[in-house]
Amino acid sequence: MNAGNEQILMRLLEDSGALRRGHFLLSSGLHSTAYVQCALLLEDPVRARKVGQDLAEELRSFHPDSVLSPALGGVIIGHEVAAALGVPFRFTERKGDEMGFRRGFNLRQGERVLIVEDVVTTGRSTLECAALATSKGARVVAIGSIIDRTAGRAPFDVPFKAMLKLDLPSYQPAECPACQAGVEPPEKPGSRPDAAAAEASAGQRNGQVLLG
């Protein structure tokens, strides 16, 4: 993505309130002083369609047969990318600790699958999606996201395209400056924030890395 488009996307993130500052527990288990809530970026359907079309153009050359996203964060952007590419869209959901298909979704043998996320930090849910797709006999041809927070450490063995790289600081719970300073427990944006905050406090007491 060119620098001009990156600046436009950054402005959209700020104007929509999607880029937040504070003390957060990420779904990866890391703590951060910043959080990107892409749901706020995508709550405007016109804006979501535009972002989806732009990301689709970054990924069109991989010629996917379908798009697959993990619920919940990847659902809106995944659907918009699939619409722009003119291919089916499916999403995965957790069954306990495992990622799986529900609602009759499935993949066929040899299907070329594009995995689309809103934000990639450690890549955990993306890798789970890829493993599920592969277990069904499909082929993951590429991964795409709105935001790349991997700091150059993306753990993928297929091409990874993101619209914007954000090197926002993140920390293991035991090394988090905000925790060490005794500020309020980290907020877990999205679903079940109270439960996540309780998990964060427990993890800090036990010195464990949390998995959201």
# chains A, B, ... in the order shown; residues from 1 in each chain; ligands from 1

$ closest_atom_pairs --of "segment 6-76 of chain A" --to "segment 138-141 of chain A" --cutoff "10 Å" --atoms "only C-alpha atoms" --output "tab-separated table"
residue	atom	partner	partner_atom	distance
A:Leu59	CA	A:Val141	CA	9.7
A:Phe62	CA	A:Val141	CA	6.5
A:His63	CA	A:Val141	CA	8.3
A:Pro64	CA	A:Val141	CA	7.1
A:Asp65	CA	A:Val141	CA	9.7
A:Ser66	CA	A:Val140	CA	9.9
A:Val67	CA	A:Val140	CA	9.7
A:Leu68	CA	A:Val140	CA	9.5

$ write_last_selection --atoms "all heavy atoms" --output "JSON list (two decimals), in the first residue's frame"
[["chain", "number", "residue", "atom", "x", "y", "z"],
["A", 59, "LEU", "N", -4.89, -8.08, -2.48],
["A", 59, "LEU", "CA", -4.91, -9.54, -2.39],
["A", 59, "LEU", "C", -5.43, -10.23, -3.64],
["A", 59, "LEU", "O", -5.37, -11.45, -3.73],
["A", 59, "LEU", "CB", -5.76, -9.95, -1.19],
["A", 59, "LEU", "CG", -5.28, -9.43, 0.17],
["A", 59, "LEU", "CD1", -6.39, -9.55, 1.22],
["A", 59, "LEU", "CD2", -4.03, -10.17, 0.63],
["A", 62, "PHE", "N", -3.72, -13.19, -5.73],
["A", 62, "PHE", "CA", -3.61, -14.55, -5.23],
["A", 62, "PHE", "C", -4.76, -15.45, -5.71],
["A", 62, "PHE", "O", -4.76, -16.65, -5.43],
["A", 62, "PHE", "CB", -3.54, -14.55, -3.70],
["A", 62, "PHE", "CG", -2.32, -13.83, -3.18],
["A", 62, "PHE", "CD1", -2.42, -12.55, -2.65],
["A", 62, "PHE", "CD2", -1.07, -14.41, -3.26],
["A", 62, "PHE", "CE1", -1.30, -11.87, -2.18],
["A", 62, "PHE", "CE2", 0.06, -13.75, -2.79],
["A", 62, "PHE", "CZ", -0.06, -12.47, -2.26],
["A", 63, "HIS", "N", -5.72, -14.87, -6.40],
["A", 63, "HIS", "CA", -6.83, -15.61, -7.03],
["A", 63, "HIS", "C", -7.52, -16.59, -6.08],
["A", 63, "HIS", "O", -7.60, -17.79, -6.35],
["A", 63, "HIS", "CB", -6.32, -16.36, -8.26],
["A", 63, "HIS", "CG", -5.62, -15.47, -9.25],
["A", 63, "HIS", "ND1", -6.28, -14.50, -9.99],
["A", 63, "HIS", "CD2", -4.30, -15.38, -9.59],
["A", 63, "HIS", "CE1", -5.41, -13.87, -10.76],
["A", 63, "HIS", "NE2", -4.20, -14.37, -10.54],
["A", 64, "PRO", "N", -8.03, -16.09, -4.96],
["A", 64, "PRO", "CA", -8.68, -17.00, -4.01],
["A", 64, "PRO", "C", -10.04, -17.47, -4.51],
["A", 64, "PRO", "O", -10.72, -16.78, -5.27],
["A", 64, "PRO", "CB", -8.84, -16.13, -2.76],
["A", 64, "PRO", "CG", -8.97, -14.74, -3.30],
["A", 64, "PRO", "CD", -8.05, -14.69, -4.49],
["A", 65, "ASP", "N", -10.44, -18.65, -4.05],
["A", 65, "ASP", "CA", -11.79, -19.15, -4.30],
["A", 65, "ASP", "C", -12.77, -18.67, -3.23],
["A", 65, "ASP", "O", -13.98, -18.66, -3.46],
["A", 65, "ASP", "CB", -11.80, -20.68, -4.31],
["A", 65, "ASP", "CG", -10.97, -21.26, -5.44],
["A", 65, "ASP", "OD1", -11.04, -20.72, -6.56],
["A", 65, "ASP", "OD2", -10.22, -22.24, -5.19],
["A", 66, "SER", "N", -12.23, -18.32, -2.06],
["A", 66, "SER", "CA", -13.08, -17.89, -0.95],
["A", 66, "SER", "C", -12.26, -17.12, 0.06],
["A", 66, "SER", "O", -11.02, -17.15, 0.03],
["A", 66, "SER", "CB", -13.77, -19.09, -0.27],
["A", 66, "SER", "OG", -12.80, -19.93, 0.33],
["A", 67, "VAL", "N", -12.96, -16.45, 0.97],
["A", 67, "VAL", "CA", -12.33, -15.73, 2.08],
["A", 67, "VAL", "C", -12.80, -16.35, 3.39],
["A", 67, "VAL", "O", -13.98, -16.68, 3.55],
["A", 67, "VAL", "CB", -12.70, -14.23, 2.05],
["A", 67, "VAL", "CG1", -12.21, -13.52, 3.31],
["A", 67, "VAL", "CG2", -12.10, -13.56, 0.80],
["A", 68, "LEU", "N", -11.86, -16.51, 4.33],
["A", 68, "LEU", "CA", -12.15, -17.08, 5.64],
["A", 68, "LEU", "C", -11.62, -16.13, 6.70],
["A", 68, "LEU", "O", -10.49, -15.65, 6.60],
["A", 68, "LEU", "CB", -11.46, -18.44, 5.77],
["A", 68, "LEU", "CG", -11.61, -19.18, 7.10],
["A", 68, "LEU", "CD1", -13.05, -19.59, 7.32],
["A", 68, "LEU", "CD2", -10.69, -20.41, 7.12]]

$ residues_around --residues "Gly52 of chain A" --least-positions-apart "2" --cutoff "9 Å" --atoms "only C-alpha atoms" --output "PyMOL selection string"
chain A and resi 47-50+54-57+76-84+146

$ write_last_selection --atoms "N, CA and C atoms" --output "PDB file, in the first residue's frame"
ATOM      1  N   ARG A  47     -17.614   3.376   4.732  1.00  0.00           N
ATOM      2  CA  ARG A  47     -16.189   3.313   5.055  1.00  0.00           C
ATOM      3  C   ARG A  47     -15.707   1.863   5.039  1.00  0.00           C
ATOM      4  N   ALA A  48     -16.503   0.951   5.577  1.00  0.00           N
ATOM      5  CA  ALA A  48     -16.130  -0.462   5.591  1.00  0.00           C
ATOM      6  C   ALA A  48     -15.988  -0.995   4.168  1.00  0.00           C
ATOM      7  N   ARG A  49     -16.898  -0.589   3.300  1.00  0.00           N
ATOM      8  CA  ARG A  49     -16.839  -1.048   1.903  1.00  0.00           C
ATOM      9  C   ARG A  49     -15.572  -0.557   1.223  1.00  0.00           C
ATOM     10  N   LYS A  50     -15.223   0.709   1.479  1.00  0.00           N
ATOM     11  CA  LYS A  50     -14.026   1.283   0.870  1.00  0.00           C
ATOM     12  C   LYS A  50     -12.764   0.571   1.370  1.00  0.00           C
ATOM     13  N   ASP A  54     -10.157  -1.690  -0.901  1.00  0.00           N
ATOM     14  CA  ASP A  54      -8.719  -1.403  -0.971  1.00  0.00           C
ATOM     15  C   ASP A  54      -7.891  -2.623  -0.570  1.00  0.00           C
ATOM     16  N   LEU A  55      -8.318  -3.320   0.489  1.00  0.00           N
ATOM     17  CA  LEU A  55      -7.586  -4.513   0.911  1.00  0.00           C
ATOM     18  C   LEU A  55      -7.718  -5.620  -0.136  1.00  0.00           C
ATOM     19  N   ALA A  56      -8.886  -5.727  -0.749  1.00  0.00           N
ATOM     20  CA  ALA A  56      -9.090  -6.744  -1.787  1.00  0.00           C
ATOM     21  C   ALA A  56      -8.126  -6.543  -2.952  1.00  0.00           C
ATOM     22  N   GLU A  57      -7.868  -5.291  -3.314  1.00  0.00           N
ATOM     23  CA  GLU A  57      -6.943  -5.033  -4.414  1.00  0.00           C
ATOM     24  C   GLU A  57      -5.522  -5.463  -4.065  1.00  0.00           C
ATOM     25  N   ILE A  76     -16.502  -8.509   9.618  1.00  0.00           N
ATOM     26  CA  ILE A  76     -16.934  -7.420   8.742  1.00  0.00           C
ATOM     27  C   ILE A  76     -15.947  -7.213   7.602  1.00  0.00           C
ATOM     28  N   ILE A  77     -14.654  -7.098   7.922  1.00  0.00           N
ATOM     29  CA  ILE A  77     -13.682  -6.832   6.869  1.00  0.00           C
ATOM     30  C   ILE A  77     -13.556  -8.031   5.937  1.00  0.00           C
ATOM     31  N   GLY A  78     -13.655  -9.245   6.472  1.00  0.00           N
ATOM     32  CA  GLY A  78     -13.599 -10.428   5.624  1.00  0.00           C
ATOM     33  C   GLY A  78     -14.734 -10.458   4.620  1.00  0.00           C
ATOM     34  N   HIS A  79     -15.931 -10.109   5.097  1.00  0.00           N
ATOM     35  CA  HIS A  79     -17.095 -10.096   4.202  1.00  0.00           C
ATOM     36  C   HIS A  79     -16.925  -9.042   3.116  1.00  0.00           C
ATOM     37  N   GLU A  80     -16.413  -7.869   3.480  1.00  0.00           N
ATOM     38  CA  GLU A  80     -16.244  -6.804   2.490  1.00  0.00           C
ATOM     39  C   GLU A  80     -15.173  -7.167   1.455  1.00  0.00           C
ATOM     40  N   VAL A  81     -14.098  -7.807   1.894  1.00  0.00           N
ATOM     41  CA  VAL A  81     -13.075  -8.251   0.952  1.00  0.00           C
ATOM     42  C   VAL A  81     -13.649  -9.301   0.002  1.00  0.00           C
ATOM     43  N   ALA A  82     -14.402 -10.249   0.545  1.00  0.00           N
ATOM     44  CA  ALA A  82     -15.016 -11.275  -0.295  1.00  0.00           C
ATOM     45  C   ALA A  82     -15.976 -10.658  -1.310  1.00  0.00           C
ATOM     46  N   ALA A  83     -16.750  -9.659  -0.868  1.00  0.00           N
ATOM     47  CA  ALA A  83     -17.680  -8.998  -1.783  1.00  0.00           C
ATOM     48  C   ALA A  83     -16.932  -8.320  -2.921  1.00  0.00           C
ATOM     49  N   ALA A  84     -15.818  -7.658  -2.584  1.00  0.00           N
ATOM     50  CA  ALA A  84     -15.039  -6.969  -3.610  1.00  0.00           C
ATOM     51  C   ALA A  84     -14.395  -7.957  -4.587  1.00  0.00           C
ATOM     52  N   ILE A 146      -6.209  -5.396   7.930  1.00  0.00           N
ATOM     53  CA  ILE A 146      -6.186  -3.937   7.895  1.00  0.00           C
ATOM     54  C   ILE A 146      -4.904  -3.447   8.557  1.00  0.00           C
TER      55      ILE A 146
END

$ closest_residue --among "A:Leu41, A:Val75, A:Ala151, A:Val46" --to "Met10 of chain A" --atoms "only C-alpha atoms"
A:Leu41

$ residues_around --residues "Arg103 of chain A" --least-positions-apart "3" --cutoff "10 Å" --atoms "only C-alpha atoms" --output "PDB file with N, CA, C and O atoms, in the first residue's frame"
ATOM      1  N   ARG A  90     -16.724 -17.072   4.565  1.00  0.00           N
ATOM      2  CA  ARG A  90     -17.058 -17.930   5.711  1.00  0.00           C
ATOM      3  C   ARG A  90     -16.271 -17.459   6.916  1.00  0.00           C
ATOM      4  O   ARG A  90     -15.236 -16.799   6.782  1.00  0.00           O
ATOM      5  N   PHE A  91     -16.740 -17.806   8.116  1.00  0.00           N
ATOM      6  CA  PHE A  91     -15.989 -17.456   9.314  1.00  0.00           C
ATOM      7  C   PHE A  91     -15.942 -18.630  10.272  1.00  0.00           C
ATOM      8  O   PHE A  91     -16.790 -19.523  10.248  1.00  0.00           O
ATOM      9  N   THR A  92     -14.917 -18.610  11.117  1.00  0.00           N
ATOM     10  CA  THR A  92     -14.730 -19.645  12.122  1.00  0.00           C
ATOM     11  C   THR A  92     -15.123 -19.105  13.487  1.00  0.00           C
ATOM     12  O   THR A  92     -15.123 -17.895  13.716  1.00  0.00           O
ATOM     13  N   GLU A  93     -15.442 -20.010  14.395  1.00  0.00           N
ATOM     14  CA  GLU A  93     -15.790 -19.649  15.772  1.00  0.00           C
ATOM     15  C   GLU A  93     -15.115 -20.633  16.720  1.00  0.00           C
ATOM     16  O   GLU A  93     -14.787 -21.757  16.337  1.00  0.00           O
ATOM     17  N   ASN A 106     -18.167 -25.003   5.507  1.00  0.00           N
ATOM     18  CA  ASN A 106     -17.145 -26.005   5.273  1.00  0.00           C
ATOM     19  C   ASN A 106     -16.289 -25.548   4.099  1.00  0.00           C
ATOM     20  O   ASN A 106     -16.611 -24.554   3.437  1.00  0.00           O
TER      21      ASN A 106
END

$ select_by_dssp --residues "chain A" --states "alpha helix (DSSP H)" --output "PyMOL selection string"
chain A and resi 3-15+38-42+45-59+75-85+124-135+177-180+193-206

$ atom_distance --atom1 "atom CA of Pro155 of chain A" --atom2 "atom CA of Ser69 of chain A"
17.1 Å

$ atom_distance --atom1 "atom CA of Ala131 of chain A" --atom2 "atom CA of Met99 of chain A"
9.2 Å

$ atom_distance --atom1 "atom CA of Ser16 of chain A" --atom2 "atom CA of Leu40 of chain A"
6.0 Å

$ select_by_dssp --residues "segment 50-80 of chain A" --states "strand (DSSP E or B)" --output "list in words"
Ser66, Val67, Leu68, Ser69 and Pro70 of chain A

$ write_last_selection --atoms "N, CA, C and O atoms" --output "mmCIF file, in the first residue's frame"
data_model
loop_
_atom_site.group_PDB
_atom_site.id
_atom_site.type_symbol
_atom_site.label_atom_id
_atom_site.label_comp_id
_atom_site.auth_asym_id
_atom_site.auth_seq_id
_atom_site.Cartn_x
_atom_site.Cartn_y
_atom_site.Cartn_z
ATOM 1 N N SER A 66 -12.231 -18.321 -2.057
ATOM 2 C CA SER A 66 -13.083 -17.888 -0.953
ATOM 3 C C SER A 66 -12.257 -17.118 0.065
ATOM 4 O O SER A 66 -11.020 -17.149 0.028
ATOM 5 N N VAL A 67 -12.958 -16.453 0.975
ATOM 6 C CA VAL A 67 -12.330 -15.726 2.079
ATOM 7 C C VAL A 67 -12.796 -16.351 3.387
ATOM 8 O O VAL A 67 -13.977 -16.681 3.553
ATOM 9 N N LEU A 68 -11.863 -16.508 4.327
ATOM 10 C CA LEU A 68 -12.146 -17.081 5.637
ATOM 11 C C LEU A 68 -11.619 -16.133 6.704
ATOM 12 O O LEU A 68 -10.487 -15.647 6.603
ATOM 13 N N SER A 69 -12.439 -15.860 7.728
ATOM 14 C CA SER A 69 -12.030 -14.966 8.817
ATOM 15 C C SER A 69 -12.421 -15.571 10.157
ATOM 16 O O SER A 69 -13.423 -16.284 10.258
ATOM 17 N N PRO A 70 -11.658 -15.269 11.211
ATOM 18 C CA PRO A 70 -12.055 -15.684 12.557
ATOM 19 C C PRO A 70 -13.064 -14.698 13.137
ATOM 20 O O PRO A 70 -12.885 -13.484 13.031
#

$ closest_residue --among "A:Ala130, A:Gly17, A:Pro169, A:Cys179" --to "Asp157 of chain A" --atoms "only C-alpha atoms"
A:Ala130

$ residues_around --residues "Asp167 of chain A" --least-positions-apart "2" --cutoff "10 Å" --atoms "only C-alpha atoms" --output "PyMOL selection string"
chain A and resi 121+147-152+164-165+169-170
